[in-house]
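Below: model-v4.txt (compact mmCIF, C-alpha atoms)
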# COMPACT_ATOMS: atom_id res chain seq x y z
CA MET A 1 -10.67 8.63 30.72
CA HIS A 2 -12.28 11.16 28.43
CA PHE A 3 -10.82 11.59 24.92
CA LYS A 4 -11.83 12.41 21.38
CA VAL A 5 -10.73 11.09 17.99
CA ARG A 6 -10.70 13.72 15.25
CA ALA A 7 -9.18 14.37 11.82
CA ALA A 8 -5.65 15.79 12.07
CA THR A 9 -4.99 19.36 10.96
CA LYS A 10 -1.79 20.79 9.49
CA GLU A 11 -0.98 22.20 12.93
CA ASP A 12 -0.97 18.69 14.43
CA CYS A 13 1.96 17.59 12.24
CA LYS A 14 4.62 18.50 14.83
CA GLU A 15 2.88 16.26 17.41
CA ILE A 16 2.35 13.49 14.86
CA SER A 17 6.04 13.68 13.92
CA ARG A 18 6.98 13.37 17.61
CA MET A 19 4.82 10.26 17.97
CA ILE A 20 6.07 8.73 14.69
CA LEU A 21 9.53 8.78 16.23
CA GLU A 22 8.24 7.29 19.51
CA LEU A 23 6.64 4.43 17.55
CA ALA A 24 9.83 3.87 15.53
CA VAL A 25 11.78 3.63 18.82
CA TYR A 26 9.28 1.00 20.04
CA GLU A 27 9.72 -0.89 16.74
CA LYS A 28 13.51 -0.73 17.32
CA MET A 29 14.13 1.25 14.08
CA PRO A 30 14.43 4.95 15.08
CA ASP A 31 17.29 5.60 12.63
CA GLN A 32 14.96 4.78 9.75
CA VAL A 33 12.84 7.91 10.28
CA LYS A 34 14.02 10.33 7.59
CA ILE A 35 11.17 12.84 7.33
CA SER A 36 9.97 15.56 9.68
CA HIS A 37 6.73 17.48 10.29
CA GLU A 38 7.50 19.61 7.19
CA GLU A 39 7.11 16.67 4.80
CA LEU A 40 3.95 15.59 6.65
CA GLU A 41 2.50 19.08 6.25
CA ARG A 42 3.36 19.12 2.55
CA ASP A 43 2.24 15.59 1.70
CA GLY A 44 -0.86 15.29 3.89
CA PHE A 45 -2.45 18.69 3.39
CA CYS A 46 -1.94 19.40 -0.32
CA GLN A 47 -4.60 19.22 -3.03
CA ASN A 48 -4.26 15.45 -3.53
CA PRO A 49 -2.99 14.26 -0.14
CA PHE A 50 -0.91 11.08 0.01
CA PHE A 51 -2.29 10.10 3.40
CA GLU A 52 -4.97 10.94 5.96
CA CYS A 53 -4.51 11.04 9.70
CA LEU A 54 -6.66 10.86 12.83
CA VAL A 55 -5.48 11.99 16.26
CA ALA A 56 -6.58 11.05 19.78
CA GLU A 57 -6.81 14.11 21.99
CA VAL A 58 -7.30 14.50 25.76
CA PRO A 59 -8.66 17.59 27.53
CA GLU A 60 -6.22 20.18 28.95
CA GLU A 61 -6.68 18.85 32.49
CA ASN A 62 -5.41 15.38 31.43
CA THR A 63 -2.22 16.28 29.53
CA SER A 64 0.64 13.77 29.35
CA LYS A 65 3.46 14.15 31.86
CA ASP A 66 5.30 16.27 29.27
CA GLY A 67 2.24 18.46 28.66
CA PHE A 68 0.87 17.03 25.41
CA THR A 69 -2.87 16.83 24.61
CA VAL A 70 -2.48 14.98 21.31
CA VAL A 71 -1.56 11.53 22.60
CA GLY A 72 -2.28 9.07 19.77
CA TYR A 73 -2.60 8.93 16.00
CA ALA A 74 -3.58 6.69 13.09
CA LEU A 75 -2.08 7.37 9.66
CA TYR A 76 -3.69 5.65 6.67
CA PHE A 77 -4.27 5.87 2.92
CA TYR A 78 -6.27 4.16 0.20
CA THR A 79 -5.02 1.30 -1.91
CA TYR A 80 -6.61 -0.93 -4.52
CA SER A 81 -7.02 -4.65 -4.87
CA THR A 82 -7.52 -6.05 -8.35
CA TRP A 83 -9.52 -8.82 -6.69
CA LYS A 84 -11.79 -6.84 -4.39
CA GLY A 85 -11.54 -3.10 -5.03
CA PRO A 86 -10.80 -0.14 -2.70
CA THR A 87 -8.93 -0.88 0.52
CA VAL A 88 -7.90 1.30 3.45
CA PHE A 89 -4.30 0.68 4.50
CA LEU A 90 -3.51 1.55 8.11
CA ASP A 91 0.15 2.42 8.09
CA ASP A 92 0.75 3.63 11.66
CA ILE A 93 -1.38 3.46 14.79
CA TYR A 94 0.06 4.55 18.12
CA VAL A 95 -1.01 5.59 21.61
CA MET A 96 1.50 7.01 24.09
CA PRO A 97 2.27 4.37 26.78
CA GLU A 98 0.81 6.37 29.69
CA PHE A 99 -2.61 6.48 27.93
CA ARG A 100 -2.90 2.82 26.99
CA GLY A 101 -5.59 0.56 28.36
CA ASN A 102 -8.30 3.23 28.04
CA GLY A 103 -9.72 2.33 24.63
CA PHE A 104 -7.76 4.98 22.68
CA GLY A 105 -6.32 2.40 20.24
CA LYS A 106 -9.71 0.83 19.67
CA GLY A 107 -11.23 4.31 19.16
CA LEU A 108 -8.65 5.15 16.50
CA LEU A 109 -8.96 1.79 14.71
CA CYS A 110 -12.77 1.92 14.66
CA LYS A 111 -12.76 5.47 13.32
CA VAL A 112 -10.41 4.44 10.51
CA ALA A 113 -12.78 1.56 9.71
CA LYS A 114 -15.70 4.03 9.63
CA VAL A 115 -13.87 6.44 7.31
CA GLY A 116 -12.92 3.52 5.06
CA LYS A 117 -16.50 2.30 4.93
CA GLU A 118 -17.67 5.79 3.87
CA LYS A 119 -15.19 5.62 0.98
CA ARG A 120 -16.55 2.22 -0.18
CA CYS A 121 -13.54 0.27 1.08
CA VAL A 122 -14.12 -3.45 1.35
CA ARG A 123 -11.25 -4.20 3.71
CA LEU A 124 -8.56 -2.76 5.94
CA GLN A 125 -4.96 -3.93 5.73
CA LEU A 126 -1.87 -3.24 7.80
CA THR A 127 1.54 -4.71 8.54
CA VAL A 128 2.80 -5.60 12.00
CA LEU A 129 6.15 -6.92 13.17
CA ASP A 130 6.33 -10.61 13.97
CA TRP A 131 7.58 -10.09 17.55
CA ASN A 132 4.90 -7.49 18.37
CA THR A 133 2.55 -9.90 20.19
CA PRO A 134 0.41 -7.23 21.95
CA SER A 135 -0.44 -5.66 18.58
CA ARG A 136 -0.95 -9.00 16.81
CA ASP A 137 -3.35 -10.02 19.60
CA PHE A 138 -5.15 -6.64 19.49
CA TYR A 139 -5.88 -7.05 15.76
CA ALA A 140 -6.71 -10.77 16.00
CA ALA A 141 -9.32 -9.93 18.67
CA LYS A 142 -11.00 -7.62 16.10
CA GLY A 143 -11.12 -10.38 13.47
CA ALA A 144 -7.86 -9.70 11.60
CA GLN A 145 -6.18 -12.54 9.77
CA ASP A 146 -2.43 -12.86 9.42
CA LEU A 147 -2.06 -13.27 5.65
CA THR A 148 1.69 -13.81 5.88
CA ASP A 149 0.90 -16.91 7.96
CA SER A 150 -2.18 -18.18 6.16
CA GLU A 151 -1.26 -17.31 2.55
CA GLY A 152 2.52 -16.76 2.62
CA TRP A 153 2.58 -13.11 1.49
CA HIS A 154 5.92 -11.33 1.92
CA PHE A 155 6.46 -7.57 1.87
CA ILE A 156 9.10 -6.45 -0.66
CA ARG A 157 10.88 -3.15 -1.12
CA PHE A 158 13.16 -1.42 -3.67
CA ASP A 159 14.83 1.76 -2.43
CA GLY A 160 17.97 3.91 -2.46
CA GLN A 161 20.66 2.93 -4.95
CA ASN A 162 18.73 -0.14 -6.15
CA LEU A 163 15.74 1.98 -7.11
CA ASP A 164 18.00 4.52 -8.84
CA ASN A 165 19.79 1.77 -10.76
CA LEU A 166 16.51 0.36 -12.01
CA ALA A 167 15.24 3.81 -12.98
CA ASN A 168 18.43 4.63 -14.90
CA GLU A 169 17.84 1.61 -17.11
CA ALA A 170 14.34 2.70 -18.15
CA PRO A 171 13.87 3.13 -21.89
CA LYS A 172 14.04 6.75 -23.07
CA ASP A 173 10.78 8.24 -24.36
CA MET B 1 11.56 -11.53 -31.30
CA ALA B 2 8.27 -9.68 -30.84
CA SER B 3 8.43 -5.93 -30.59
CA PHE B 4 6.21 -4.44 -27.93
CA ILE B 5 5.05 -1.11 -26.60
CA LEU B 6 4.27 0.06 -23.09
CA ARG B 7 1.63 2.76 -22.60
CA LYS B 8 -0.77 4.20 -20.07
CA ALA B 9 -4.02 2.21 -19.83
CA GLU B 10 -7.18 3.80 -21.22
CA PRO B 11 -10.87 3.11 -20.43
CA ARG B 12 -11.11 0.84 -23.51
CA ASP B 13 -8.48 -1.47 -21.95
CA VAL B 14 -10.59 -2.55 -18.94
CA SER B 15 -11.75 -5.84 -20.43
CA ASP B 16 -8.17 -6.82 -21.30
CA ILE B 17 -7.00 -5.77 -17.82
CA MET B 18 -9.80 -7.85 -16.27
CA ARG B 19 -8.77 -10.86 -18.36
CA LEU B 20 -5.14 -10.51 -17.21
CA ILE B 21 -6.14 -9.98 -13.55
CA LYS B 22 -7.99 -13.29 -13.66
CA GLU B 23 -5.04 -15.04 -15.34
CA LEU B 24 -2.69 -13.79 -12.64
CA ALA B 25 -5.10 -14.80 -9.86
CA LYS B 26 -5.30 -18.27 -11.43
CA PHE B 27 -1.49 -18.47 -11.42
CA GLU B 28 -1.55 -17.49 -7.71
CA GLU B 29 -4.16 -20.24 -7.17
CA MET B 30 -6.71 -17.71 -5.91
CA GLU B 31 -8.96 -17.24 -8.95
CA GLU B 32 -12.19 -17.48 -6.94
CA LYS B 33 -11.16 -14.44 -4.87
CA VAL B 34 -11.56 -12.04 -7.80
CA VAL B 35 -14.91 -10.34 -7.25
CA LEU B 36 -14.11 -7.12 -9.11
CA THR B 37 -15.93 -6.50 -12.42
CA GLU B 38 -15.05 -4.46 -15.53
CA LYS B 39 -17.54 -1.82 -14.36
CA ASP B 40 -15.67 -1.51 -11.01
CA LEU B 41 -12.33 -1.23 -12.81
CA LEU B 42 -13.69 1.51 -15.05
CA GLU B 43 -15.20 3.52 -12.21
CA ASP B 44 -12.26 3.04 -9.86
CA GLY B 45 -9.52 3.79 -12.39
CA PHE B 46 -11.02 6.33 -14.72
CA GLY B 47 -13.59 8.17 -12.59
CA ASP B 48 -13.32 11.35 -10.50
CA HIS B 49 -11.08 9.86 -7.84
CA PRO B 50 -8.86 7.19 -9.42
CA PHE B 51 -7.70 4.55 -6.93
CA TYR B 52 -5.02 3.23 -9.26
CA HIS B 53 -2.81 3.85 -12.30
CA CYS B 54 -2.11 1.22 -14.92
CA LEU B 55 0.44 0.50 -17.66
CA VAL B 56 -0.28 -2.03 -20.41
CA ALA B 57 2.12 -3.92 -22.68
CA GLU B 58 1.00 -4.60 -26.23
CA VAL B 59 2.41 -6.65 -29.11
CA PRO B 60 1.45 -6.26 -32.77
CA LYS B 61 -1.50 -8.43 -33.77
CA LEU B 62 -0.79 -11.56 -35.80
CA GLN B 63 0.66 -11.12 -39.25
CA GLY B 64 -1.88 -9.76 -41.67
CA SER B 65 -4.02 -8.06 -38.97
CA GLU B 66 -3.85 -4.49 -37.85
CA GLY B 67 -3.39 -3.14 -34.37
CA TYR B 68 -2.05 -4.55 -31.13
CA THR B 69 -3.02 -7.05 -28.45
CA VAL B 70 -2.63 -6.37 -24.72
CA ILE B 71 -0.41 -9.10 -23.22
CA GLY B 72 0.75 -7.63 -19.94
CA PHE B 73 -0.05 -4.99 -17.33
CA ALA B 74 1.14 -3.33 -14.15
CA MET B 75 -1.25 -1.65 -11.73
CA TYR B 76 0.18 0.76 -9.16
CA TYR B 77 -0.71 3.66 -6.87
CA PHE B 78 1.03 5.99 -4.45
CA THR B 79 1.20 5.26 -0.74
CA TYR B 80 2.93 6.88 2.24
CA ASP B 81 5.47 5.79 4.81
CA PRO B 82 5.59 8.01 7.92
CA TRP B 83 9.36 7.39 8.12
CA ILE B 84 10.38 8.14 4.53
CA GLY B 85 7.40 9.75 2.77
CA LYS B 86 5.91 8.95 -0.65
CA LEU B 87 6.15 5.46 -2.10
CA LEU B 88 5.04 3.79 -5.30
CA TYR B 89 3.12 0.60 -4.55
CA LEU B 90 3.02 -2.05 -7.26
CA GLU B 91 -0.27 -3.90 -6.83
CA ASP B 92 -0.31 -6.31 -9.79
CA PHE B 93 2.36 -7.08 -12.35
CA TYR B 94 1.83 -9.75 -15.02
CA VAL B 95 2.96 -10.78 -18.50
CA MET B 96 1.19 -13.63 -20.32
CA GLN B 97 3.21 -16.84 -20.26
CA GLU B 98 3.86 -17.05 -23.99
CA PHE B 99 5.37 -13.54 -23.96
CA ARG B 100 7.84 -14.06 -21.13
CA GLY B 101 11.60 -14.03 -21.54
CA LEU B 102 11.44 -11.09 -23.98
CA GLY B 103 12.35 -8.40 -21.47
CA ILE B 104 8.79 -7.05 -21.15
CA GLY B 105 8.63 -7.55 -17.36
CA SER B 106 12.05 -5.93 -16.95
CA LYS B 107 11.02 -2.92 -19.02
CA ILE B 108 7.80 -2.48 -17.04
CA LEU B 109 9.72 -2.52 -13.76
CA LYS B 110 12.24 0.00 -15.08
CA VAL B 111 9.50 2.38 -16.31
CA LEU B 112 7.81 2.19 -12.92
CA SER B 113 11.10 2.83 -11.12
CA GLU B 114 11.65 5.88 -13.27
CA LYS B 115 8.15 7.07 -12.43
CA ALA B 116 8.87 6.54 -8.72
CA VAL B 117 12.09 8.53 -8.87
CA LYS B 118 10.53 11.35 -10.97
CA THR B 119 7.66 11.74 -8.48
CA ARG B 120 10.04 11.90 -5.49
CA CYS B 121 9.13 8.49 -4.09
CA SER B 122 11.59 7.02 -1.59
CA GLY B 123 10.94 3.50 -2.71
CA MET B 124 8.76 1.00 -4.48
CA HIS B 125 6.86 -1.57 -2.38
CA PHE B 126 4.82 -4.64 -3.21
CA ILE B 127 3.95 -8.06 -1.85
CA VAL B 128 4.74 -11.43 -3.34
CA ALA B 129 3.70 -14.92 -2.26
CA GLU B 130 6.58 -16.78 -0.58
CA ASN B 131 6.17 -19.84 -2.82
CA ASN B 132 6.57 -17.69 -5.94
CA THR B 133 10.33 -18.27 -6.04
CA LYS B 134 10.71 -17.18 -9.69
CA SER B 135 9.28 -13.74 -8.95
CA ILE B 136 11.24 -13.40 -5.70
CA GLU B 137 14.46 -14.15 -7.58
CA PHE B 138 13.52 -11.69 -10.36
CA TYR B 139 13.16 -8.93 -7.76
CA LYS B 140 16.18 -9.91 -5.65
CA ARG B 141 18.43 -9.90 -8.75
CA ARG B 142 17.47 -6.23 -9.10
CA GLY B 143 18.30 -5.40 -5.50
CA ALA B 144 14.91 -5.76 -3.79
CA ALA B 145 14.78 -6.48 -0.06
CA ASP B 146 12.32 -8.99 1.43
CA LEU B 147 11.12 -7.05 4.47
CA SER B 148 9.11 -9.98 5.82
CA SER B 149 12.25 -12.12 6.05
CA GLU B 150 14.71 -9.36 6.93
CA GLU B 151 12.68 -7.24 9.34
CA GLY B 152 9.78 -9.52 10.30
CA TRP B 153 6.88 -7.53 8.80
CA ARG B 154 3.65 -9.55 8.46
CA LEU B 155 0.63 -8.55 6.36
CA PHE B 156 -2.67 -8.44 8.27
CA GLU B 157 -6.17 -7.95 6.96
CA ILE B 158 -9.58 -7.17 8.51
CA GLU B 159 -12.40 -8.04 6.13
CA LYS B 160 -15.72 -6.30 5.54
CA ASP B 161 -17.88 -8.15 8.11
CA ASP B 162 -15.42 -7.46 10.91
CA LEU B 163 -14.95 -3.87 9.67
CA LEU B 164 -18.71 -3.35 9.91
CA LYS B 165 -18.71 -4.73 13.46
CA MET B 166 -16.11 -2.12 14.41
CA THR B 167 -18.05 0.76 12.86
CA ALA B 168 -21.09 -0.24 14.88
CA LYS B 169 -19.20 0.40 18.14

Kindly present the structure from the file in structure tokens form.
Amino acid sequence: MHFKVRAATKEDCKEISRMILELAVYEKMPDQVKISHEELERDGFCQNPFFECLVAEVPEENTSKDGFTVVGYALYFYTYSTWKGPTVFLDDIYVMPEFRGNGFGKGLLCKVAKVGKEKRCVRLQLTVLDWNTPSRDFYAAKGAQDLTDSEGWHFIRFDGQNLDNLANEAPKD
Amino acid sequence: MASFILRKAEPRDVSDIMRLIKELAKFEEMEEKVVLTEKDLLEDGFGDHPFYHCLVAEVPKLQGSEGYTVIGFAMYYFTYDPWIGKLLYLEDFYVMQEFRGLGIGSKILKVLSEKAVKTRCSGMHFIVAENNTKSIEFYKRRGAADLSSEEGWRLFEIEKDDLLKMTAK
């Protein structure tokens, strides 16, 4: 099936937002999606964007059953390792179910790797849920290592009231 | 009790930051994995497109000397969650052993939290090794959630050689 992978534009944010929710449903956490296309437009297309995004697009004659041409996305940003230097962090990668098995996911992942390489990144990192065997296998086939398994890394978060409580205790300037 | 100050890192601090990075890596039993140099740190943190921000903790030099010594640091940057938006990501956080128990680590975490809230971040994320029980308890006491345990998130990595293979396709 013919498709292209290109950089997202501000106008794509509504489609990306739609697919973010589809992915959250797949990950069994749809109620955790709190932002809409407006935040994506503001945060991804400002002077110092907080993320970059690629989309997978099919020609008009191959639209999804609901009429969409933007049928996949990869959202990523740059992080830094004090051991190795610049890293590209792939936060979300998703292809609509009816378009899977055609190399769209691989196309997105490889393009992210290419963009990362152009920015001098020495590695690509991502997180994946433990029960998501198809994704874990997909990444393992490309040479990914599970660092939670091999090195015991755990992903930690402070948010909501706990973050506010911590912040309120900060020393005054 | 030693008094201390927290301030934004400057280019002159890179050799101290490098020293502390190596100390932390040694503590995590992964010292040989540090390939970054002072030159990289300088270019990556203080060049045109900084990849990170850094706070340093200093104590006054020994009695009779002038100035301060850097004894702790926290390196962070901003990331993005497609569900909740901007986040502050804490990459490295370390206080030299002999200066622990004085509230320096606590203060650093509070300053970073304040920064996160001021810049409209929805949360602060980081990773910690599962055998580092002291650090895990430090964070949990302050309300942190272990998303690997609670939600099953696992950290994956594709290294340079495999990245290059993908770009060749």

Atom-to-atom span, atom CA of B:Glu130 and atom CA of A:Tyr26, Å: 27.4 Å

Shell of 7 Å around B:Ala74, only C-alpha atoms, local chain residues under 6 positions omitted, as a ChimeraX atom specification: /B:54-56,92-94

Give the padded box for stretch 47-65 of chain A as lines of an AutoDock Vina configuration file: axis-aligned, covering all atoms listed in the file, 8 Å on each side, centre and edge lengths in Å to one decimal.
center_x = -2.6
center_y = 15.1
center_z = 14.5
size_x = 28.1
size_y = 26.1
size_z = 52.0

Best match for closeness to A:Gly72 among A:Ser17, A:Thr133, A:Thr87, A:Gln47, counting all atoms listed in the file: A:Ser17

Expected answer as a ChimeraX atom specification: chain A residues within 6 Å of chain B, all atoms listed in the file: /A:33-35,83-84,110,113-114,122-130,143-148,152-159,162,166-167,170

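Using only C-alpha atoms, the nearest neighbour of B:Pro11 within the list B:Glu23, B:Gly47, B:Gly105, B:Glu28 is B:Gly47.
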
Among the residues A:Glu60, A:Met29, A:Leu75, A:Val115, the one that comes closest to A:Cys13 [using only C-alpha atoms]: A:Leu75

Answer as a ChimeraX atom specification, residues within 12 Å of (0.5, -5.4, 21.0) using only C-alpha atoms: /A:26-27,93-95,97,100-101,105,128-141

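Rounded to one decimal, atom CA of A:Ile20 and atom CA of A:Lys117 lie 25.4 Å from each other.
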
Selection near B:Glu58, 12 Å with all atoms listed in the file, sequence-local residues under 3 positions removed, as a list in words: Ala2, Ser3, Phe4, Ile5, Leu6, Arg7, Lys8, Ala9, Asp13, Asp16, Ile17, Leu55, Lys61, Leu62, Gly67, Tyr68, Thr69, Val70, Ile71, Gly72, Phe73, Val95, Met96, Phe99, Ile104 and Ile108 of chain B

Atom-to-atom span, atom CA of B:Arg120 and atom CA of A:Lys10, Å: 21.1 Å

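Near A:Phe3, within 10 Å and counting all atoms listed in the file, sit Ala56, Glu57, Val58, Pro59, Asn62, Thr69, Val70, Val71, Asn102, Gly103, Phe104 and Gly107 of chain A, not including residues fewer than 5 positions from it in the same chain.
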